[in-house]
Amino acid sequence: MNIFNNIDAFIELITDLAFFKNMDGVYTHCNEAHLSFVGKTREEIIGKTAFEIYSTENANKIQKDDYEILATRKTKAYEETFINKDGTITYFYTTKQVLYNDLGDKIGLFCIERNITAEKEYQLIYEDNKLLLEYIAKHNDISQILDKIVNLAEDRNKDTKCSILLLNESKRNLFSGASPSLPDFYNEAINGVEIGEKIGSCGSAVYKKERVIVENINTHENWQGYLELTKKANLHACWSEPIFSSRDEILGSFAMYSSKVKAPSDFELKLISSYAHLVSLAIEKENQNKAIRESNKKLRLSEFESAQLFDNALVGLMYISQDRIILKANQHLANIFGYENPEEMIGISTRELHLSQSKFLEFGKTYFKTLVHRTNLNIEYQQKKKDGSTVWCELSGTALDEQTSADLAKGVLWTVKDITKNKELEQKVKERTQEIQEKNKQLEDVATKDYLTGLYNRLKIDDSIDYQIKRSKRNESIFGVIMLDIDYFKLVNDEHGHQVGDKILFEFAKVLTDVFRETDIVGRWGGEEFLIIIEDADKEDIINLANKIKETIERHDFPVVKRKTVSVGVTIYHKNENKNELIQRVDKALYKAKNSGRNQVQYL
């Protein structure tokens, strides 16, 4: 049989990049998807080697991988990167397989490359968000946090230099927050720049409160007054994202500079937006810490050694009796609770300041009794104001001794601080953190889930197999792998169209999800093939599960499908084998099931 019969027609059915190279590395066949990616005609590809098509850097990587696979005679599936002419990176999941003629001689490599750039970029952004959120949570030095954000952004995108500019209190000028890679003379020149409609990229972005993209600084009207400065710094493009607080107040800008005249890629725009959100969260945390430091400072100023200090203290003070009647209060306390003067509060029972009787009774049974027995206490509590509204207070109580008693206190001196704004800010930060966590979860789903079925994608499956192999070597545990293929699926697509085929794949995925446990990894391997990883499964377990899948599929009512069968290959992990060997074996088991008449389970 001539292996090249109809190969061109065959590879055109593959939606990913597909091509064949002979033993000399010469391309002899390729599909339209491959031609479209490299931007060349068939005549410019066929008969050429990688060195005649790609850059030397890319060609060297391709040749090295090809030699390795041809030498080992093994199919290899791996992630690889392709550096584009504009310096951006395309990520591929590549599968290369050695082909043989009828005599068993090697004749070349058959290759399929799936573009996974979008999934990879979302995964990178998710990892950055997770890392930086943890860093923000653990550190309080805002300068260190902003430097960390900029450094990570520059590591992620090597061609750029990043800058954070923060708006001053007057809301008119921008001051440097972090820009460690920009020249000192440049930072000094723009530090304190006034915002305006045509003031560079950052000044304009903050003024307009919208993203400003300048692809060519040398010709853009916003930069004409700064050309001498930007040329000296070798800056030729600048993309700036405004930074907003959780209340949509403008805080500053996050910018990326390039030494080339260029537009930002979709990935770079995602990065800018993501980092601007993280800067916003860091700034809000710093503002909250400032408010707390100021409040603590005021508390330290409050010494209660005289009536004058009591009356003029910068915190609320009230002295209450054992039966919880207010005997004395200062003006600051009256302001907190909405009274014109402290005299109005004298004689009021603290019961009236509580939101409900049940809460008052709870308070009386716990906190007040603790204080009566001479124990200092600090709590946060919600109180009622004169007009019926509420205020969050931080209460600090100290028991005061009566001259004639050695057992009980005469009353309690309460220090009262209004922390309503702090509570509101805490809630905002909590909501914002939750929002970012939800966005990160969405990013993680995009990076690890198949867009059509919602099952795990090939990247996630690969990672899970790596994890199970490491776990097996560490704990001497075993795991099983099931690979299955929907029989006659191509006929469904041919007769009813791909939309119907997609619906069947989605329905099929739901059935698989119902059969397996949440701890099992159920994923779409590609096309109509699915792969499942079963933790702690022996040969008998894996075969029983495979038969259960087959029987469940046969009973399920799929639309338009007359023959509801699947071919299933199963195996378990063998000690000390690698991932490729494991995948090859389960793939051979599936091939055996299909070649033996389909609708059966084969174990290897």
# chains A, B, ... in the order shown; residues from 1 in each chain; ligands from 1
$ residues_around --residues "Arg211 (chain A)" --least-positions-apart "6" --cutoff "9 Å" --atoms "only C-alpha atoms" --output "list in words"
Ser201, Cys202, Ser204, Ala205, Trp239, Ser240, Glu241 and Pro242 of chain A
$ select_by_dssp --residues "region 181-327 of chain A" --states "strand (DSSP E)" --output "VMD selection string"
chain A and resid 193 to 194 212 to 214 237 to 244 250 to 258 316 to 321 326 to 327
$ closest_residue --among "A:Gly501, A:Phe337, A:Lys449, A:Leu314" --to "Thr415 (chain A)" --atoms "only C-alpha atoms"
A:Leu314
$ select_by_dssp --residues "region 412-578 of chain A" --states "helix (DSSP H, G or I)" --output "number ranges by chain"
A: 420-448, 458-475, 489-496, 498-515, 539-555
$ atom_distance --atom1 "CA of Arg73 (chain A)" --atom2 "CA of Leu99 (chain A)"
9.0 Å
$ residues_around --residues "Asp159 (chain A)" --least-positions-apart "6" --cutoff "10 Å" --atoms "only C-alpha atoms" --output "list in words"
Gly87, Thr88, Met256, Tyr257, Ser258, Ser259 and Lys260 of chain A
$ atom_distance --atom1 "CA of Ile465 (chain A)" --atom2 "CA of Ile533 (chain A)"
7.5 Å
